[in-house]
$ cat query_31.csv   # CSV, C-alpha atoms and all ligand atoms
chain,number,residue,atom,x,y,z
A,235,MET,CA,-13.2,-14.0,8.7
A,236,PRO,CA,-10.4,-12.4,6.8
A,237,THR,CA,-8.3,-9.6,8.3
A,238,TYR,CA,-7.2,-6.7,6.1
A,239,CYS,CA,-4.7,-4.0,7.0
A,240,ILE,CA,-4.8,-0.8,4.9
A,241,ILE,CA,-2.0,1.6,5.3
A,242,GLY,CA,-3.0,5.2,4.6
A,243,ALA,CA,-6.8,4.9,4.8
A,244,ASN,CA,-8.3,8.3,5.7
A,245,ARG,CA,-8.8,9.5,2.1
A,246,GLY,CA,-8.3,8.7,-1.6
A,247,LEU,CA,-7.8,5.1,-2.6
A,248,GLY,CA,-7.2,3.9,1.0
A,249,LEU,CA,-10.5,5.2,2.1
A,250,GLU,CA,-12.3,3.6,-0.8
A,251,PHE,CA,-10.7,0.2,0.1
A,252,VAL,CA,-12.2,0.5,3.5
A,253,ARG,CA,-15.6,1.6,2.1
A,254,GLN,CA,-15.8,-1.5,-0.1
A,255,LEU,CA,-14.4,-3.9,2.5
A,256,VAL,CA,-16.9,-2.8,5.3
A,257,ALA,CA,-19.7,-4.0,3.0
A,258,SER,CA,-18.9,-7.5,4.3
A,259,PRO,CA,-19.4,-7.7,8.1
A,260,ASP,CA,-17.1,-10.8,8.2
A,261,ASN,CA,-14.1,-8.5,7.4
A,262,THR,CA,-11.8,-7.3,10.2
A,263,ILE,CA,-10.2,-4.1,9.0
A,264,ILE,CA,-7.1,-2.4,10.4
A,265,ALA,CA,-7.1,1.1,8.9
A,266,THR,CA,-4.1,3.4,9.5
A,267,VAL,CA,-4.0,7.2,9.7
A,268,ARG,CA,-1.3,9.7,10.5
A,269,PRO,CA,-1.6,11.1,14.0
A,270,ASP,CA,-2.8,14.6,12.8
A,271,ALA,CA,-4.8,13.4,9.8
A,272,ASP,CA,-8.5,14.3,9.3
A,273,ARG,CA,-10.2,11.0,10.0
A,274,ALA,CA,-13.8,12.1,9.8
A,275,ASP,CA,-14.6,10.3,6.6
A,276,LEU,CA,-13.0,7.1,7.8
A,277,LEU,CA,-14.9,7.3,11.1
A,278,GLU,CA,-18.2,7.8,9.2
A,279,ILE,CA,-17.8,4.6,7.2
A,280,SER,CA,-16.1,2.4,9.8
A,281,SER,CA,-17.8,-0.9,10.8
A,282,PRO,CA,-17.8,-2.4,14.4
A,283,THR,CA,-14.8,-4.5,13.2
A,284,THR,CA,-12.8,-1.6,11.8
A,285,TYR,CA,-9.8,-0.7,14.0
A,286,ILE,CA,-8.2,2.7,13.4
A,287,VAL,CA,-4.5,2.7,14.3
A,288,GLU,CA,-2.0,5.6,13.9
A,289,CYS,CA,1.0,5.2,11.7
A,290,ASP,CA,3.2,7.7,10.0
A,291,THR,CA,5.1,5.7,7.4
A,292,SER,CA,7.8,8.4,7.1
A,293,SER,CA,8.8,7.7,10.6
A,294,VAL,CA,10.4,4.4,11.5
A,295,PRO,CA,9.6,4.7,15.2
A,296,SER,CA,5.9,5.4,14.3
A,297,VAL,CA,5.8,2.2,12.2
A,298,HIS,CA,7.3,0.3,15.1
A,299,ILE,CA,4.7,1.5,17.5
A,300,PHE,CA,2.0,0.8,15.0
A,301,SER,CA,3.1,-2.8,14.5
A,302,ASN,CA,3.3,-3.4,18.3
A,303,THR,CA,-0.2,-1.9,18.7
A,304,VAL,CA,-1.6,-4.1,16.0
A,305,ALA,CA,0.0,-7.3,17.4
A,306,ARG,CA,-0.9,-6.5,21.1
A,307,ASN,CA,-4.3,-4.7,20.9
A,308,VAL,CA,-5.9,-5.7,17.6
A,309,LEU,CA,-4.8,-9.2,16.7
A,310,SER,CA,-4.4,-10.9,20.0
A,311,GLY,CA,-6.0,-8.5,22.4
A,312,ALA,CA,-3.2,-9.1,24.9
A,313,ASP,CA,0.6,-9.3,25.1
A,314,GLY,CA,2.1,-12.4,23.5
A,315,PRO,CA,2.0,-14.0,20.1
A,316,SER,CA,-0.8,-13.0,17.8
A,317,THR,CA,-3.7,-15.5,17.5
A,318,THR,CA,-5.3,-13.8,14.5
A,319,LYS,CA,-3.1,-12.8,11.6
A,320,ILE,CA,-3.3,-10.3,8.7
A,321,ASP,CA,-4.5,-12.1,5.6
A,322,PHE,CA,-4.3,-9.0,3.3
A,323,LEU,CA,-1.8,-6.1,3.7
A,324,ILE,CA,-2.5,-3.2,1.4
A,325,VAL,CA,0.5,-0.7,1.6
A,326,ASN,CA,-1.2,2.2,0.0
A,327,ALA,CA,0.2,5.4,1.7
A,328,GLY,CA,2.2,7.4,-0.8
A,329,VAL,CA,3.3,10.9,-1.7
A,330,ASN,CA,4.1,12.6,-5.0
A,331,GLY,CA,6.1,15.7,-4.1
A,332,SER,CA,7.8,16.0,-7.5
A,333,PRO,CA,7.0,19.1,-9.6
A,334,ARG,CA,5.3,17.7,-12.8
A,335,ASP,CA,8.0,19.3,-15.0
A,336,GLU,CA,11.0,18.2,-12.9
A,337,ASP,CA,13.6,16.3,-14.9
A,338,SER,CA,16.5,14.1,-13.9
A,339,LEU,CA,19.0,16.9,-14.3
A,340,MET,CA,17.3,19.1,-11.7
A,341,LEU,CA,16.3,16.7,-9.0
A,342,ASN,CA,15.5,18.3,-5.7
A,343,PRO,CA,17.4,16.1,-3.1
A,344,VAL,CA,15.2,17.1,-0.2
A,345,LEU,CA,12.0,16.3,-2.1
A,346,LEU,CA,13.4,13.0,-3.3
A,347,SER,CA,14.4,12.0,0.3
A,348,GLU,CA,11.0,12.8,1.6
A,349,GLN,CA,9.4,10.6,-1.1
A,350,ILE,CA,11.8,7.8,-0.5
A,351,ALA,CA,10.9,7.8,3.2
A,352,VAL,CA,7.2,7.4,2.5
A,353,ASN,CA,7.2,5.4,-0.7
A,354,VAL,CA,10.0,3.0,-0.1
A,355,VAL,CA,11.4,2.9,3.5
A,356,GLY,CA,7.8,3.0,5.0
A,357,PRO,CA,6.6,0.0,3.0
A,358,ALA,CA,9.8,-1.9,3.9
A,359,LYS,CA,9.4,-1.2,7.6
A,360,VAL,CA,5.7,-1.9,7.7
A,361,LEU,CA,6.3,-5.5,6.4
A,362,GLU,CA,9.4,-6.0,8.4
A,363,PHE,CA,7.9,-5.0,11.7
A,364,LEU,CA,4.6,-6.9,11.1
A,365,MET,CA,6.7,-10.0,10.2
A,366,ASP,CA,8.8,-9.5,13.4
A,367,ARG,CA,5.6,-9.4,15.5
A,368,LYS,CA,4.3,-12.6,13.8
A,369,ALA,CA,1.3,-10.7,12.6
A,370,LEU,CA,1.1,-12.1,9.1
A,371,SER,CA,-0.7,-15.2,7.9
A,372,PRO,CA,1.4,-17.9,6.2
A,373,SER,CA,-0.5,-17.2,3.0
A,374,VAL,CA,-0.5,-13.4,3.4
A,375,ARG,CA,-1.3,-11.3,0.3
A,376,VAL,CA,0.7,-8.1,0.2
A,377,LEU,CA,-0.2,-5.3,-2.2
A,378,ASN,CA,2.4,-2.5,-2.6
A,379,MET,CA,0.7,0.5,-4.3
A,380,SER,CA,3.0,1.3,-7.2
A,381,SER,CA,2.3,3.2,-10.4
A,382,SER,CA,2.8,2.9,-14.1
A,383,LEU,CA,5.4,5.6,-13.5
A,384,GLY,CA,7.4,3.0,-11.6
A,385,SER,CA,7.7,0.7,-14.6
A,386,MET,CA,11.1,0.9,-16.4
A,387,GLU,CA,9.6,-0.2,-19.6
A,388,LEU,CA,6.6,2.1,-19.6
A,389,SER,CA,8.7,5.0,-18.5
A,390,ALA,CA,11.2,4.4,-21.3
A,391,GLN,CA,8.3,4.8,-23.8
A,392,MET,CA,6.7,7.8,-22.0
A,393,SER,CA,6.6,11.2,-23.6
A,394,PRO,CA,6.7,13.7,-22.0
A,395,ARG,CA,8.2,12.1,-18.9
A,396,VAL,CA,6.6,13.5,-15.7
A,397,CYS,CA,7.2,13.5,-11.9
A,398,VAL,CA,10.7,12.0,-12.2
A,399,GLY,CA,11.5,11.9,-8.5
A,400,TYR,CA,8.2,10.2,-7.7
A,401,SER,CA,8.8,7.7,-10.5
A,402,ILE,CA,12.2,6.8,-9.1
A,403,THR,CA,10.6,6.0,-5.7
A,404,LYS,CA,7.9,3.8,-7.3
A,405,ALA,CA,10.6,1.9,-9.3
A,406,ALA,CA,12.4,1.4,-6.0
A,407,LEU,CA,9.1,0.1,-4.5
A,408,ASN,CA,8.8,-2.4,-7.4
A,409,MET,CA,12.3,-3.6,-6.6
A,410,LEU,CA,11.4,-3.9,-2.9
A,411,THR,CA,8.4,-6.0,-3.9
A,412,VAL,CA,10.7,-8.4,-5.7
A,413,HIS,CA,12.9,-8.8,-2.6
A,414,GLN,CA,10.0,-9.0,-0.2
A,415,GLY,CA,8.3,-11.8,-2.2
A,416,HIS,CA,11.4,-13.9,-1.9
A,417,ASP,CA,12.3,-13.0,1.7
A,418,LEU,CA,8.9,-13.6,3.2
A,419,ARG,CA,9.0,-17.2,1.8
A,420,ALA,CA,12.6,-17.6,2.9
A,421,ARG,CA,11.6,-16.7,6.4
A,422,GLY,CA,8.9,-19.3,6.6
A,423,LEU,CA,5.8,-17.7,5.1
A,424,SER,CA,5.9,-20.4,2.3
A,425,LYS,CA,2.6,-19.4,0.7
A,426,ALA,CA,3.0,-15.6,0.9
A,427,VAL,CA,2.4,-13.6,-2.2
A,428,VAL,CA,3.7,-10.0,-2.7
A,429,ILE,CA,2.7,-7.9,-5.6
A,430,ALA,CA,3.1,-4.4,-6.9
A,431,MET,CA,-0.1,-2.7,-8.2
A,432,ASP,CA,-0.7,0.1,-10.7
A,433,PRO,CA,-4.1,1.6,-9.7
A,434,GLY,CA,-4.4,3.5,-13.0
A,435,TRP,CA,-4.8,7.3,-13.1
A,436,VAL,CA,-7.5,7.8,-10.5
A,437,LYS,CA,-9.6,10.8,-9.3
A,438,THR,CA,-8.2,11.5,-5.8
A,439,ARG,CA,-6.3,14.4,-4.3
A,440,MET,CA,-3.1,13.0,-5.9
A,441,GLY,CA,-4.7,12.0,-9.2
A,442,GLY,CA,-6.6,15.2,-9.6
A,443,GLU,CA,-10.0,16.0,-11.0
A,444,SER,CA,-9.1,15.3,-14.6
A,445,ALA,CA,-8.2,11.7,-13.9
A,446,PRO,CA,-10.3,9.3,-16.0
A,447,ILE,CA,-10.9,6.6,-13.5
A,448,GLU,CA,-13.2,6.8,-10.4
A,449,ALA,CA,-11.8,5.5,-7.2
A,450,LYS,CA,-14.7,3.0,-6.8
A,451,ASP,CA,-13.8,1.3,-10.1
A,452,SER,CA,-10.1,1.2,-9.4
A,453,ILE,CA,-10.6,-0.3,-6.0
A,454,ALA,CA,-13.2,-2.9,-7.2
A,455,GLY,CA,-10.6,-4.0,-9.8
A,456,MET,CA,-7.8,-4.2,-7.3
A,457,LEU,CA,-9.8,-6.2,-4.8
A,458,LYS,CA,-10.7,-8.7,-7.6
A,459,VAL,CA,-7.0,-9.1,-8.4
A,460,LEU,CA,-6.1,-9.4,-4.7
A,461,HIS,CA,-8.7,-12.0,-4.1
A,462,GLY,CA,-7.8,-14.0,-7.2
A,463,LEU,CA,-4.0,-14.2,-6.4
A,464,LYS,CA,-2.4,-17.7,-6.7
A,465,GLU,CA,0.8,-18.8,-5.1
A,466,ASP,CA,2.5,-18.5,-8.6
A,467,ASP,CA,1.7,-14.8,-8.7
A,468,ASN,CA,4.3,-14.0,-6.1
A,469,VAL,CA,6.5,-11.2,-7.3
A,470,SER,CA,4.2,-9.8,-10.0
A,471,PHE,CA,3.1,-6.4,-11.1
A,472,PHE,CA,-0.5,-6.0,-12.0
A,473,GLY,CA,-2.9,-3.2,-13.1
A,474,SER,CA,-6.3,-2.7,-11.5
A,475,ASP,CA,-7.7,-4.2,-14.8
A,476,GLY,CA,-6.1,-7.5,-13.8
A,477,LYS,CA,-3.5,-7.4,-16.6
A,478,PRO,CA,0.2,-7.7,-15.9
A,479,ARG,CA,2.3,-4.6,-16.1
A,480,PRO,CA,6.0,-4.7,-17.3
A,481,TRP,CA,8.5,-4.1,-14.5
A,501,LIG,N1,-4.4,8.6,-7.8
A,501,LIG,C1,-3.7,8.1,-8.8
A,501,LIG,O1,-3.9,8.4,-9.9
A,501,LIG,C2,-2.5,7.2,-8.5
A,501,LIG,C3,-1.8,6.7,-9.6
A,501,LIG,C4,-0.7,5.8,-9.3
A,501,LIG,C5,-0.4,5.5,-8.0
A,501,LIG,N2,-1.1,6.0,-7.0
A,501,LIG,C6,-0.7,5.6,-5.6
A,501,LIG,O2,-1.8,5.2,-4.9
A,501,LIG,C7,-1.6,5.5,-3.5
A,501,LIG,C8,-2.8,6.3,-2.9
A,501,LIG,O3,-2.9,7.5,-3.7
A,501,LIG,P1,-4.1,8.4,-3.7
A,501,LIG,O4,-4.4,8.8,-5.1
A,501,LIG,O5,-5.2,7.9,-2.8
A,501,LIG,O6,-3.4,9.7,-3.0
A,501,LIG,P2,-4.0,10.7,-1.9
A,501,LIG,O7,-5.4,11.0,-2.2
A,501,LIG,O8,-3.0,11.8,-1.9
A,501,LIG,O9,-3.9,9.9,-0.5
A,501,LIG,C9,-2.7,9.5,0.0
A,501,LIG,C10,-2.8,8.8,1.3
A,501,LIG,O10,-1.5,8.4,1.8
A,501,LIG,C11,-1.5,8.9,3.1
A,501,LIG,N3,-0.1,9.3,3.5
A,501,LIG,C12,0.7,10.2,2.9
A,501,LIG,N4,1.9,10.3,3.6
A,501,LIG,C13,1.8,9.5,4.6
A,501,LIG,C14,2.6,9.1,5.7
A,501,LIG,N5,3.8,9.7,5.8
A,501,LIG,N6,2.2,8.2,6.6
A,501,LIG,C15,1.0,7.6,6.4
A,501,LIG,N7,0.1,7.9,5.5
A,501,LIG,C16,0.5,8.8,4.6
A,501,LIG,C17,-2.4,10.1,3.1
A,501,LIG,O11,-2.7,10.5,4.5
A,501,LIG,P3,-2.8,12.1,4.9
A,501,LIG,O12,-4.2,12.5,4.7
A,501,LIG,O13,-2.4,12.1,6.4
A,501,LIG,O14,-1.8,12.9,4.1
A,501,LIG,C18,-3.5,9.6,2.4
A,501,LIG,O15,-4.3,8.8,3.1
A,501,LIG,C19,-0.3,6.2,-3.4
A,501,LIG,O16,0.8,5.3,-3.0
A,501,LIG,C20,0.0,6.7,-4.8
A,501,LIG,O17,1.3,6.9,-5.1
A,501,LIG,C21,-2.1,6.8,-7.2
$ encode --input "query_31.csv" --output "structure tokens" --more "lines below"
Ligand SMILES: NC(=O)c1ccc[n+]([C@@H]2O[C@H](COP(=O)([O-])OP(=O)(O)OC[C@H]3O[C@@H](n4cnc5c(N)ncnc54)[C@H](OP(=O)(O)O)[C@@H]3O)[C@@H](O)[C@H]2O)c1
Amino acid sequence: MPTYCIIGANRGLGLEFVRQLVASPDNTIIATVRPDADRADLLEISSPTTYIVECDTSSVPSVHIFSNTVARNVLSGADGPSTTKIDFLIVNAGVNGSPRDEDSLMLNPVLLSEQIAVNVVGPAKVLEFLMDRKALSPSVRVLNMSSSLGSMELSAQMSPRVCVGYSITKAALNMLTVHQGHDLRARGLSKAVVIAMDPGWVKTRMGGESAPIEAKDSIAGMLKVLHGLKEDDNVSFFGSDGKPRPW
């Protein structure tokens, strides 16, 4: 009876995670949406064990309320320590607010800050607050949704370089992943595994219509990676094809 938590689940890759996970009635699924988000598609596919909880990852108070709600109302059903824990945490919510042709000599500070809030601070606080609420299984698998654009090595070879601000935030998310993998274990989750994931270039609102990969194929690949993770995989960067990506 595994419990999954998918952050940013009303559309795109997050919605497809839910679609594939509800196929197994044993799965408990916590699916997050922003308060004002259109959740019609998510409601349509939800199973009786799918719990929709509001969370705006750009707002630290919202992430705090979300983690309290999950611990009290979903995992334990009452105040007090959680009796059920999250086995798989998929931190998927992300924004790409960078103009495609932006370069590092014309970075828009407002856009960069907005992307850091969602792509870096949000994932940090989601894990921190769920850990504080003792909501994570000792062998929790955490997937931070990164991008090939977050890879130093791949970016150095890329031509032309695109979406510079976004790529900086995904590189920061990769570094966060490295720290989280060590820190969860240091705080007692001795079998926790934290990874960064490159989903590929996928047809979603963010990826656009010309993306070569269908969401169903990317998600099937990522779930295979997630379910196959070993303890030694802690602090790794994978693609949805299961192959390691360079940091
Ligand atoms: N598609 C690709 O080719 C591609 C490639 C590399 C990496 N990625 C990464 O994969 C993840 C999912 O991307 P996608 O393609 O599915 O993008 P998408 O179609 O734009 O969906 C983004 C999701 O993130 C949610 N979100 C955005 N800001 C949020 C916030 N402040 N709080 C909570 N949720 C928020 C959105 O909710 P709303 O509906 O409320 O906005 C939506 O559910 C992102 O992290 C993205 O960077 C995607």
$ atom_distance --input "query_31.csv" --atom1 "atom CA of A:Leu255" --atom2 "atom CA of A:Val428"
19.8 Å
$ residues_near_ligand --input "query_31.csv" --ligand "ligand LIG 501 (chain A)" --cutoff "8 Å" --atoms "all atoms listed in the file" --output "VMD selection string"
chain A and resid 241 to 249 266 to 272 289 to 293 325 to 330 351 to 353 356 378 to 383 404 432 to 442 445
$ residues_around --input "query_31.csv" --residues "A:Asp467" --least-positions-apart "5" --cutoff "10 Å" --atoms "all atoms listed in the file" --output "list in words"
Gly415, Ala426, Val427, Val428, Ile429, Gly462 and Phe472 of chain A
$ write_last_selection --input "query_31.csv" --atoms "C-alpha atoms" --output "PDB file, keeping the file's coordinate frame"
ATOM      1  CA  GLY A 415       8.300 -11.800  -2.200  1.00  0.00           C
ATOM      2  CA  ALA A 426       3.000 -15.600   0.900  1.00  0.00           C
ATOM      3  CA  VAL A 427       2.400 -13.600  -2.200  1.00  0.00           C
ATOM      4  CA  VAL A 428       3.700 -10.000  -2.700  1.00  0.00           C
ATOM      5  CA  ILE A 429       2.700  -7.900  -5.600  1.00  0.00           C
ATOM      6  CA  GLY A 462      -7.800 -14.000  -7.200  1.00  0.00           C
ATOM      7  CA  PHE A 472      -0.500  -6.000 -12.000  1.00  0.00           C
TER       8      PHE A 472
END
$ atom_distance --input "query_31.csv" --atom1 "atom CA of A:Gly399" --atom2 "atom CA of A:Val412"
20.5 Å
$ atom_distance --input "query_31.csv" --atom1 "atom CA of A:Ala406" --atom2 "atom CA of A:Gly476"
22.0 Å
$ residues_around --input "query_31.csv" --residues "A:Leu364" --least-positions-apart "5" --cutoff "10 Å" --atoms "only C-alpha atoms" --output "VMD selection string"
chain A and resid 297 to 298 300 to 302 304 to 305 319 to 320 323 359 369 to 370
$ write_last_selection --input "query_31.csv" --atoms "C-alpha atoms" --output "PDB file, keeping the file's coordinate frame"
ATOM      1  CA  VAL A 297       5.800   2.200  12.200  1.00  0.00           C
ATOM      2  CA  HIS A 298       7.300   0.300  15.100  1.00  0.00           C
ATOM      3  CA  PHE A 300       2.000   0.800  15.000  1.00  0.00           C
ATOM      4  CA  SER A 301       3.100  -2.800  14.500  1.00  0.00           C
ATOM      5  CA  ASN A 302       3.300  -3.400  18.300  1.00  0.00           C
ATOM      6  CA  VAL A 304      -1.600  -4.100  16.000  1.00  0.00           C
ATOM      7  CA  ALA A 305       0.000  -7.300  17.400  1.00  0.00           C
ATOM      8  CA  LYS A 319      -3.100 -12.800  11.600  1.00  0.00           C
ATOM      9  CA  ILE A 320      -3.300 -10.300   8.700  1.00  0.00           C
ATOM     10  CA  LEU A 323      -1.800  -6.100   3.700  1.00  0.00           C
ATOM     11  CA  LYS A 359       9.400  -1.200   7.600  1.00  0.00           C
ATOM     12  CA  ALA A 369       1.300 -10.700  12.600  1.00  0.00           C
ATOM     13  CA  LEU A 370       1.100 -12.100   9.100  1.00  0.00           C
TER      14      LEU A 370
END
$ residues_around --input "query_31.csv" --residues "A:Leu463" --least-positions-apart "3" --cutoff "12 Å" --atoms "only C-alpha atoms" --output "ChimeraX atom specification"
/A:322,373-377,425-429,456-460,466-472,476
$ residues_around --input "query_31.csv" --residues "A:Ser258" --least-positions-apart "5" --cutoff "10 Å" --atoms "all atoms listed in the file" --output "NGL selection string"
:A and (235 or 253 or 281)
$ closest_residue --input "query_31.csv" --among "A:Leu276, A:Leu361, A:Ile350, A:Lys368" --to "A:His413" --atoms "only C-alpha atoms"
A:Leu361
$ closest_residue --input "query_31.csv" --among "A:Gly422, A:Gly455, A:Pro357, A:Pro446" --to "A:Leu410" --atoms "all atoms listed in the file"
A:Pro357
$ closest_residue --input "query_31.csv" --among "A:Glu465, A:Ser310, A:Tyr400, A:Asp366" --to "A:Leu346" --atoms "only C-alpha atoms"
A:Tyr400
$ axis_aligned_box --input "query_31.csv" --around "stretch 467-473 of chain A" --padding-each-side "4 Å" --output "AutoDock Vina command-line options"
--center_x 1.8 --center_y -9.0 --center_z -9.6 --size_x 17.4 --size_y 19.6 --size_z 15.0
$ residues_around --input "query_31.csv" --residues "stretch 331-340 of chain A" --least-positions-apart "5" --cutoff "10 Å" --atoms "only C-alpha atoms" --output "ChimeraX atom specification"
/A:345-346,348-349,394-402,440
$ decode --input "query_31.csv" --residues "stretch 300-356 of chain A" --atoms "C-alpha atoms" --output "short mmCIF file (atom, residue, chain, number, x, y, z; two decimals), in the first residue's frame"
data_model
loop_
_atom_site.label_atom_id
_atom_site.label_comp_id
_atom_site.auth_asym_id
_atom_site.auth_seq_id
_atom_site.Cartn_x
_atom_site.Cartn_y
_atom_site.Cartn_z
CA PHE A 300 0.10 21.88 3.13
CA SER A 301 2.51 19.80 5.23
CA ASN A 302 0.34 20.22 8.33
CA THR A 303 -2.76 19.20 6.37
CA VAL A 304 -1.03 16.13 4.98
CA ALA A 305 0.26 15.03 8.39
CA ARG A 306 -3.01 15.65 10.24
CA ASN A 307 -5.73 14.87 7.74
CA VAL A 308 -4.29 12.49 5.19
CA LEU A 309 -1.59 10.40 6.82
CA SER A 310 -2.89 10.04 10.37
CA GLY A 311 -6.46 11.26 10.11
CA ALA A 312 -6.07 13.02 13.46
CA ASP A 313 -3.62 15.29 15.28
CA GLY A 314 -0.42 13.63 16.40
CA PRO A 315 2.40 11.75 14.74
CA SER A 316 1.70 10.27 11.34
CA THR A 317 0.98 6.55 11.27
CA THR A 318 1.24 6.27 7.49
CA LYS A 319 4.25 7.77 5.76
CA ILE A 320 5.03 9.03 2.29
CA ASP A 321 7.03 6.41 0.39
CA PHE A 322 7.49 8.38 -2.84
CA LEU A 323 7.70 12.18 -3.00
CA ILE A 324 7.66 13.60 -6.53
CA VAL A 325 8.52 17.30 -6.48
CA ASN A 326 7.33 18.17 -9.95
CA ALA A 327 5.95 21.75 -9.81
CA GLY A 328 8.10 24.11 -11.80
CA VAL A 329 8.05 27.25 -13.92
CA ASN A 330 10.07 28.41 -16.89
CA GLY A 331 9.65 32.17 -16.99
CA SER A 332 12.81 32.86 -18.96
CA PRO A 333 12.54 34.24 -22.48
CA ARG A 334 14.12 31.59 -24.73
CA ASP A 335 16.69 34.05 -26.09
CA GLU A 336 17.67 35.51 -22.71
CA ASP A 337 21.40 35.34 -22.03
CA SER A 338 23.44 35.72 -18.86
CA LEU A 339 24.30 39.37 -19.64
CA MET A 340 20.65 40.44 -19.65
CA LEU A 341 19.09 38.43 -16.81
CA ASN A 342 15.80 39.82 -15.56
CA PRO A 343 16.15 39.81 -11.74
CA VAL A 344 12.40 39.70 -11.09
CA LEU A 345 11.88 36.70 -13.37
CA LEU A 346 14.90 34.95 -11.87
CA SER A 347 13.59 35.47 -8.31
CA GLU A 348 10.16 34.14 -9.27
CA GLN A 349 11.70 31.00 -10.74
CA ILE A 350 14.00 30.49 -7.74
CA ALA A 351 10.96 30.66 -5.45
CA VAL A 352 9.15 27.83 -7.28
CA ASN A 353 12.03 25.74 -8.62
CA VAL A 354 14.40 25.88 -5.63
CA VAL A 355 12.91 27.32 -2.42
CA GLY A 356 9.62 25.42 -2.90
#
